[in-house]
Amino acid sequence: MHELIDLWLGTGLAQISLDQGIMILVGLGLLYLAIVRRFEPLLLVPIGFGGILANIPGVDIAVGNGVLAQFYELGIGTGIFPLVIFMGVGAMTDFGPLLANPKTLFLGAAAQFGIFATLLGALALSSVGIFDFSVAEASAIGIIGGADGPTAIYVAGQLAPHLLGAIAISAYSYMALVPIIQPPIMKLLTNEAERKIEMKQLRDVSRNERIVFPLLLLVLVALMVPSAAPLLGMFCFGNLMRECGVVDRLHFTTQNALINITTIFLGLAVGSKLQAEKFLVAETIGILSLGMVAFAIGTIAGILMAKFMNLVTKSQVNPLIGAAGVSAVPMAARVANKIGLEANPQNFLLMHAMGPNVAGVIGSAVAAGILIRFAS
């Protein structure tokens, strides 16, 4: 009889707590969103599965020498995984639309306002006792507004690793919900005449411009904000491999096998931070709420900047592409194109929207560097 009792007490069913059961359900919910609803499946599948593993009682898989803990220490604790992902993103990025219409850089820059507004908001809420976020924690939360998953994970890993799970879930959830979150904001801030604005066809960008740009971008930004060099350096290196035309094998590997393998381990490592005692806390609600605010403010700032540009420049910009200044590539650009087509069936904004979309990636990397520099 004692043997049976000992056997039962050694099972996960006997040891599981209510909080762990809730987090296993959360992991299953993430898998549902990824598999059935197709919300960011490349990340949410490994994150959700990792979250389930991290909450299995009786086994230290996400702490100490556990495999998920080792993935975290190797890849996120060192910052390697997000940087490799950023290199792969660079290898898939076309700077052509941005180079063909450089003023869209301002739209990407304006959208980063959501990051710093949310940082200040988190600190303000902490000052009145609603939350208790430090400057480093508020900075890690604010970066959600950039709508760039790898950047959010990188900054959280550097500044607030204990909040990584909630920040990653928030960032990727809102990126997946771009087609739901952005259209109401876009329609609220623009009238039909503005949504019908047609933009001129973009000029062809030469190969030399494409090669020089990532090099020039890296040097200028690294000199101004050295702490942004890791993220932006990997991004520019990946893009240089794409554009130089002499390392096709490296370019192919970087944008396919390398980024895919790294994504698996990154997702599992993030999932290891979905342990019940770390996730089911009041701060998680604050992070999810502030993340939504950050994303909305970034969208609003991009649209308002486009409307301002129309007041001071002769060539008109469709304000819808300002919403693509958040770096949810290419989903935000597709949403801008869709809303534009609804207003004017002849209005194809996709390539125009890719300019601020790519600028948003650059802007979020620079913002990350600034936050790490001043909040560390």
# chains A, B, ... in the order shown; residues from 1 in each chain; ligands from 1

$ residues_around --residues "A:Gly29" --least-positions-apart "2" --cutoff "12 Å" --atoms "only C-alpha atoms" --output "JSON, numbers by chain"
{"A": [22, 23, 24, 25, 26, 27, 31, 32, 33, 34, 35, 36, 37, 39, 44, 45, 47, 48, 49, 51, 52, 169, 173]}

$ write_last_selection --atoms "N, CA and C atoms" --output "PDB file, in the first residue's frame"
ATOM      1  N   ILE A  22      -3.175  26.077 -14.825  1.00  0.00           N
ATOM      2  CA  ILE A  22      -3.597  27.235 -15.614  1.00  0.00           C
ATOM      3  C   ILE A  22      -2.582  27.535 -16.708  1.00  0.00           C
ATOM      4  N   MET A  23      -1.289  27.465 -16.368  1.00  0.00           N
ATOM      5  CA  MET A  23      -0.261  27.776 -17.357  1.00  0.00           C
ATOM      6  C   MET A  23      -0.185  26.710 -18.452  1.00  0.00           C
ATOM      7  N   ILE A  24      -0.481  25.470 -18.121  1.00  0.00           N
ATOM      8  CA  ILE A  24      -0.545  24.435 -19.160  1.00  0.00           C
ATOM      9  C   ILE A  24      -1.688  24.755 -20.118  1.00  0.00           C
ATOM     10  N   LEU A  25      -2.800  25.232 -19.577  1.00  0.00           N
ATOM     11  CA  LEU A  25      -3.917  25.649 -20.432  1.00  0.00           C
ATOM     12  C   LEU A  25      -3.528  26.859 -21.287  1.00  0.00           C
ATOM     13  N   VAL A  26      -2.750  27.779 -20.713  1.00  0.00           N
ATOM     14  CA  VAL A  26      -2.267  28.927 -21.489  1.00  0.00           C
ATOM     15  C   VAL A  26      -1.403  28.439 -22.650  1.00  0.00           C
ATOM     16  N   GLY A  27      -0.509  27.470 -22.364  1.00  0.00           N
ATOM     17  CA  GLY A  27       0.331  26.905 -23.425  1.00  0.00           C
ATOM     18  C   GLY A  27      -0.511  26.268 -24.515  1.00  0.00           C
ATOM     19  N   LEU A  31      -0.924  27.291 -28.553  1.00  0.00           N
ATOM     20  CA  LEU A  31      -0.862  26.326 -29.658  1.00  0.00           C
ATOM     21  C   LEU A  31      -2.122  26.415 -30.521  1.00  0.00           C
ATOM     22  N   TYR A  32      -3.268  26.619 -29.881  1.00  0.00           N
ATOM     23  CA  TYR A  32      -4.518  26.778 -30.637  1.00  0.00           C
ATOM     24  C   TYR A  32      -4.443  28.004 -31.547  1.00  0.00           C
ATOM     25  N   LEU A  33      -3.990  29.134 -30.986  1.00  0.00           N
ATOM     26  CA  LEU A  33      -3.885  30.354 -31.785  1.00  0.00           C
ATOM     27  C   LEU A  33      -2.924  30.165 -32.955  1.00  0.00           C
ATOM     28  N   ALA A  34      -1.836  29.439 -32.716  1.00  0.00           N
ATOM     29  CA  ALA A  34      -0.832  29.249 -33.762  1.00  0.00           C
ATOM     30  C   ALA A  34      -1.301  28.275 -34.838  1.00  0.00           C
ATOM     31  N   ILE A  35      -1.889  27.163 -34.419  1.00  0.00           N
ATOM     32  CA  ILE A  35      -2.216  26.080 -35.358  1.00  0.00           C
ATOM     33  C   ILE A  35      -3.568  26.315 -36.042  1.00  0.00           C
ATOM     34  N   VAL A  36      -4.573  26.689 -35.264  1.00  0.00           N
ATOM     35  CA  VAL A  36      -5.926  26.843 -35.808  1.00  0.00           C
ATOM     36  C   VAL A  36      -6.124  28.246 -36.390  1.00  0.00           C
ATOM     37  N   ARG A  37      -5.713  29.278 -35.634  1.00  0.00           N
ATOM     38  CA  ARG A  37      -5.930  30.648 -36.089  1.00  0.00           C
ATOM     39  C   ARG A  37      -4.740  31.216 -36.867  1.00  0.00           C
ATOM     40  N   PHE A  39      -1.885  32.490 -35.876  1.00  0.00           N
ATOM     41  CA  PHE A  39      -1.294  33.706 -35.319  1.00  0.00           C
ATOM     42  C   PHE A  39       0.190  33.447 -35.029  1.00  0.00           C
ATOM     43  N   LEU A  44       4.819  31.014 -31.922  1.00  0.00           N
ATOM     44  CA  LEU A  44       3.875  30.605 -30.886  1.00  0.00           C
ATOM     45  C   LEU A  44       3.819  29.096 -30.706  1.00  0.00           C
ATOM     46  N   VAL A  45       4.133  28.305 -31.731  1.00  0.00           N
ATOM     47  CA  VAL A  45       4.161  26.848 -31.552  1.00  0.00           C
ATOM     48  C   VAL A  45       5.269  26.445 -30.580  1.00  0.00           C
ATOM     49  N   ILE A  47       6.904  28.413 -28.458  1.00  0.00           N
ATOM     50  CA  ILE A  47       6.691  29.090 -27.171  1.00  0.00           C
ATOM     51  C   ILE A  47       5.608  28.365 -26.373  1.00  0.00           C
ATOM     52  N   GLY A  48       4.484  28.055 -27.026  1.00  0.00           N
ATOM     53  CA  GLY A  48       3.404  27.358 -26.334  1.00  0.00           C
ATOM     54  C   GLY A  48       3.821  25.996 -25.830  1.00  0.00           C
ATOM     55  N   PHE A  49       4.546  25.249 -26.659  1.00  0.00           N
ATOM     56  CA  PHE A  49       4.998  23.917 -26.250  1.00  0.00           C
ATOM     57  C   PHE A  49       6.013  24.025 -25.117  1.00  0.00           C
ATOM     58  N   GLY A  51       6.143  26.404 -22.950  1.00  0.00           N
ATOM     59  CA  GLY A  51       5.400  26.792 -21.760  1.00  0.00           C
ATOM     60  C   GLY A  51       4.757  25.599 -21.070  1.00  0.00           C
ATOM     61  N   ILE A  52       4.259  24.646 -21.864  1.00  0.00           N
ATOM     62  CA  ILE A  52       3.690  23.422 -21.277  1.00  0.00           C
ATOM     63  C   ILE A  52       4.785  22.626 -20.562  1.00  0.00           C
ATOM     64  N   ILE A 169       5.150  37.101 -25.166  1.00  0.00           N
ATOM     65  CA  ILE A 169       3.767  36.763 -25.514  1.00  0.00           C
ATOM     66  C   ILE A 169       3.022  38.002 -25.967  1.00  0.00           C
ATOM     67  N   SER A 173       1.748  38.402 -29.755  1.00  0.00           N
ATOM     68  CA  SER A 173       0.285  38.407 -29.855  1.00  0.00           C
ATOM     69  C   SER A 173      -0.190  39.641 -30.610  1.00  0.00           C
TER      70      SER A 173
END

$ residues_around --residues "stretch 309-322 of chain A" --least-positions-apart "2" --cutoff "8 Å" --atoms "only C-alpha atoms" --output "mmCIF file with N, CA and C atoms, in the first residue's frame"
data_model
loop_
_atom_site.group_PDB
_atom_site.id
_atom_site.type_symbol
_atom_site.label_atom_id
_atom_site.label_comp_id
_atom_site.auth_asym_id
_atom_site.auth_seq_id
_atom_site.Cartn_x
_atom_site.Cartn_y
_atom_site.Cartn_z
ATOM 1 N N LEU A 107 8.446 58.245 -41.144
ATOM 2 C CA LEU A 107 7.259 57.533 -40.682
ATOM 3 C C LEU A 107 7.650 56.393 -39.752
ATOM 4 N N GLY A 108 8.718 55.677 -40.130
ATOM 5 C CA GLY A 108 9.207 54.616 -39.261
ATOM 6 C C GLY A 108 9.729 55.152 -37.942
ATOM 7 N N ALA A 111 6.795 56.203 -35.583
ATOM 8 C CA ALA A 111 6.085 55.079 -34.963
ATOM 9 C C ALA A 111 6.773 54.590 -33.698
ATOM 10 N N MET A 186 -6.676 53.313 -38.109
ATOM 11 C CA MET A 186 -6.400 53.942 -39.398
ATOM 12 C C MET A 186 -7.636 54.673 -39.925
ATOM 13 N N THR A 190 -8.110 58.964 -40.375
ATOM 14 C CA THR A 190 -8.050 59.430 -41.765
ATOM 15 C C THR A 190 -9.465 59.547 -42.326
ATOM 16 N N GLU A 194 -8.290 61.122 -47.888
ATOM 17 C CA GLU A 194 -6.895 60.796 -47.577
ATOM 18 C C GLU A 194 -6.582 59.341 -47.915
ATOM 19 N N ARG A 195 -7.517 58.453 -47.623
ATOM 20 C CA ARG A 195 -7.283 57.033 -47.916
ATOM 21 C C ARG A 195 -7.242 56.757 -49.409
ATOM 22 N N LYS A 196 -7.800 57.659 -50.206
ATOM 23 C CA LYS A 196 -7.799 57.475 -51.661
ATOM 24 C C LYS A 196 -6.555 58.042 -52.342
ATOM 25 N N ILE A 197 -5.702 58.709 -51.592
ATOM 26 C CA ILE A 197 -4.508 59.329 -52.196
ATOM 27 C C ILE A 197 -3.657 58.268 -52.889
ATOM 28 N N GLU A 198 -3.379 58.510 -54.179
ATOM 29 C CA GLU A 198 -2.523 57.600 -54.934
ATOM 30 C C GLU A 198 -1.096 58.149 -54.948
ATOM 31 N N MET A 199 -0.141 57.256 -54.775
ATOM 32 C CA MET A 199 1.261 57.662 -54.734
ATOM 33 C C MET A 199 1.967 57.253 -56.017
ATOM 34 N N THR A 299 1.155 53.145 -33.898
ATOM 35 C CA THR A 299 0.331 53.249 -35.099
ATOM 36 C C THR A 299 -0.180 54.670 -35.293
ATOM 37 N N ALA A 301 1.063 57.498 -34.077
ATOM 38 C CA ALA A 301 2.152 58.446 -34.355
ATOM 39 C C ALA A 301 2.578 58.384 -35.817
ATOM 40 N N GLY A 302 2.628 57.178 -36.385
ATOM 41 C CA GLY A 302 3.009 57.036 -37.788
ATOM 42 C C GLY A 302 2.009 57.706 -38.716
ATOM 43 N N ILE A 303 0.723 57.520 -38.445
ATOM 44 C CA ILE A 303 -0.317 58.133 -39.282
ATOM 45 C C ILE A 303 -0.274 59.656 -39.167
ATOM 46 N N LEU A 304 -0.136 60.159 -37.950
ATOM 47 C CA LEU A 304 -0.106 61.614 -37.751
ATOM 48 C C LEU A 304 1.125 62.239 -38.408
ATOM 49 N N MET A 305 2.244 61.539 -38.388
ATOM 50 C CA MET A 305 3.439 62.051 -39.060
ATOM 51 C C MET A 305 3.205 62.146 -40.562
ATOM 52 N N ALA A 306 2.532 61.158 -41.148
ATOM 53 C CA ALA A 306 2.233 61.207 -42.584
ATOM 54 C C ALA A 306 1.324 62.391 -42.902
ATOM 55 N N LYS A 307 0.340 62.662 -42.041
ATOM 56 C CA LYS A 307 -0.557 63.803 -42.260
ATOM 57 C C LYS A 307 0.216 65.112 -42.141
ATOM 58 N N ALA A 324 2.261 51.609 -41.113
ATOM 59 C CA ALA A 324 3.250 50.560 -41.354
ATOM 60 C C ALA A 324 4.600 50.890 -40.734
ATOM 61 N N GLY A 325 4.688 52.045 -40.064
ATOM 62 C CA GLY A 325 5.942 52.409 -39.417
ATOM 63 C C GLY A 325 6.302 51.499 -38.260
ATOM 64 N N ALA A 333 2.389 46.462 -43.554
ATOM 65 C CA ALA A 333 2.327 46.993 -44.917
ATOM 66 C C ALA A 333 1.142 46.399 -45.678
ATOM 67 N N ALA A 336 -2.059 48.171 -44.540
ATOM 68 C CA ALA A 336 -2.174 49.487 -45.165
ATOM 69 C C ALA A 336 -2.641 49.366 -46.607
ATOM 70 N N ASN A 337 -2.100 48.397 -47.328
ATOM 71 C CA ASN A 337 -2.492 48.175 -48.721
ATOM 72 C C ASN A 337 -3.964 47.773 -48.812
ATOM 73 N N ILE A 339 -6.490 48.418 -46.672
ATOM 74 C CA ILE A 339 -7.395 49.529 -46.372
ATOM 75 C C ILE A 339 -7.399 50.533 -47.524
ATOM 76 N N GLY A 340 -6.240 50.726 -48.151
ATOM 77 C CA GLY A 340 -6.161 51.620 -49.302
ATOM 78 C C GLY A 340 -6.981 51.119 -50.474
ATOM 79 N N LEU A 349 -0.749 50.232 -52.435
ATOM 80 C CA LEU A 349 0.164 50.894 -51.502
ATOM 81 C C LEU A 349 1.234 49.970 -50.929
ATOM 82 N N HIS A 352 4.876 51.035 -51.335
ATOM 83 C CA HIS A 352 5.072 52.311 -50.645
ATOM 84 C C HIS A 352 5.097 52.094 -49.124
ATOM 85 N N ALA A 353 4.236 51.190 -48.644
ATOM 86 C CA ALA A 353 4.170 50.929 -47.210
ATOM 87 C C ALA A 353 5.386 50.155 -46.708
ATOM 88 N N PRO A 356 8.221 52.643 -44.882
ATOM 89 C CA PRO A 356 8.142 52.864 -43.442
ATOM 90 C C PRO A 356 8.203 51.576 -42.631
#

$ residues_around --residues "A:Gly142" --least-positions-apart "5" --cutoff "6 Å" --atoms "only C-alpha atoms" --output "list in words"
Ile115, Thr118 and Leu119 of chain A

$ residues_around --residues "A:Leu268" --least-positions-apart "5" --cutoff "7 Å" --atoms "only C-alpha atoms" --output "PDB file with N, CA and C atoms, in the first residue's frame"
ATOM      1  N   PRO A  46       6.531  26.836 -30.816  1.00  0.00           N
ATOM      2  CA  PRO A  46       7.557  26.465 -29.827  1.00  0.00           C
ATOM      3  C   PRO A  46       7.383  27.160 -28.479  1.00  0.00           C
ATOM      4  N   ILE A  47       6.904  28.413 -28.458  1.00  0.00           N
ATOM      5  CA  ILE A  47       6.691  29.090 -27.171  1.00  0.00           C
ATOM      6  C   ILE A  47       5.608  28.365 -26.373  1.00  0.00           C
ATOM      7  N   GLY A  50       6.936  25.009 -25.233  1.00  0.00           N
ATOM      8  CA  GLY A  50       7.900  25.226 -24.167  1.00  0.00           C
ATOM      9  C   GLY A  50       7.222  25.609 -22.867  1.00  0.00           C
ATOM     10  N   LEU A  68      15.528  23.246 -21.217  1.00  0.00           N
ATOM     11  CA  LEU A  68      15.003  24.562 -21.581  1.00  0.00           C
ATOM     12  C   LEU A  68      15.794  25.686 -20.908  1.00  0.00           C
TER      13      LEU A  68
END

$ residues_around --residues "stretch 372-374 of chain A" --least-positions-apart "5" --cutoff "9 Å" --atoms "only C-alpha atoms" --output "PyMOL selection string"
chain A and resi 136+139-140+155+158-159+225-228+367

$ residues_around --residues "stretch 92-95 of chain A" --least-positions-apart "2" --cutoff "7 Å" --atoms "only C-alpha atoms" --output "MDAnalysis selection string"
chainID A and resid 88:90 97:99 210 239 255 358

$ write_last_selection --atoms "C-alpha atoms" --output "tab-separated table (two decimals), in the first residue's frame"
chain	number	residue	atom	x	y	z
A	88	GLY	CA	18.02	36.34	-40.98
A	89	VAL	CA	15.46	39.15	-41.12
A	90	GLY	CA	18.11	41.36	-42.74
A	97	PRO	CA	11.22	50.97	-51.21
A	98	LEU	CA	12.92	52.95	-48.46
A	99	LEU	CA	15.77	54.06	-50.72
A	210	ARG	CA	21.60	48.65	-52.13
A	239	ASN	CA	21.10	42.48	-45.82
A	255	GLN	CA	17.30	33.28	-44.61
A	358	VAL	CA	11.53	48.60	-43.04

$ closest_residue --among "A:Ile16, A:Ile167, A:Leu231, A:Leu216" --to "A:Phe86" --atoms "only C-alpha atoms"
A:Leu231
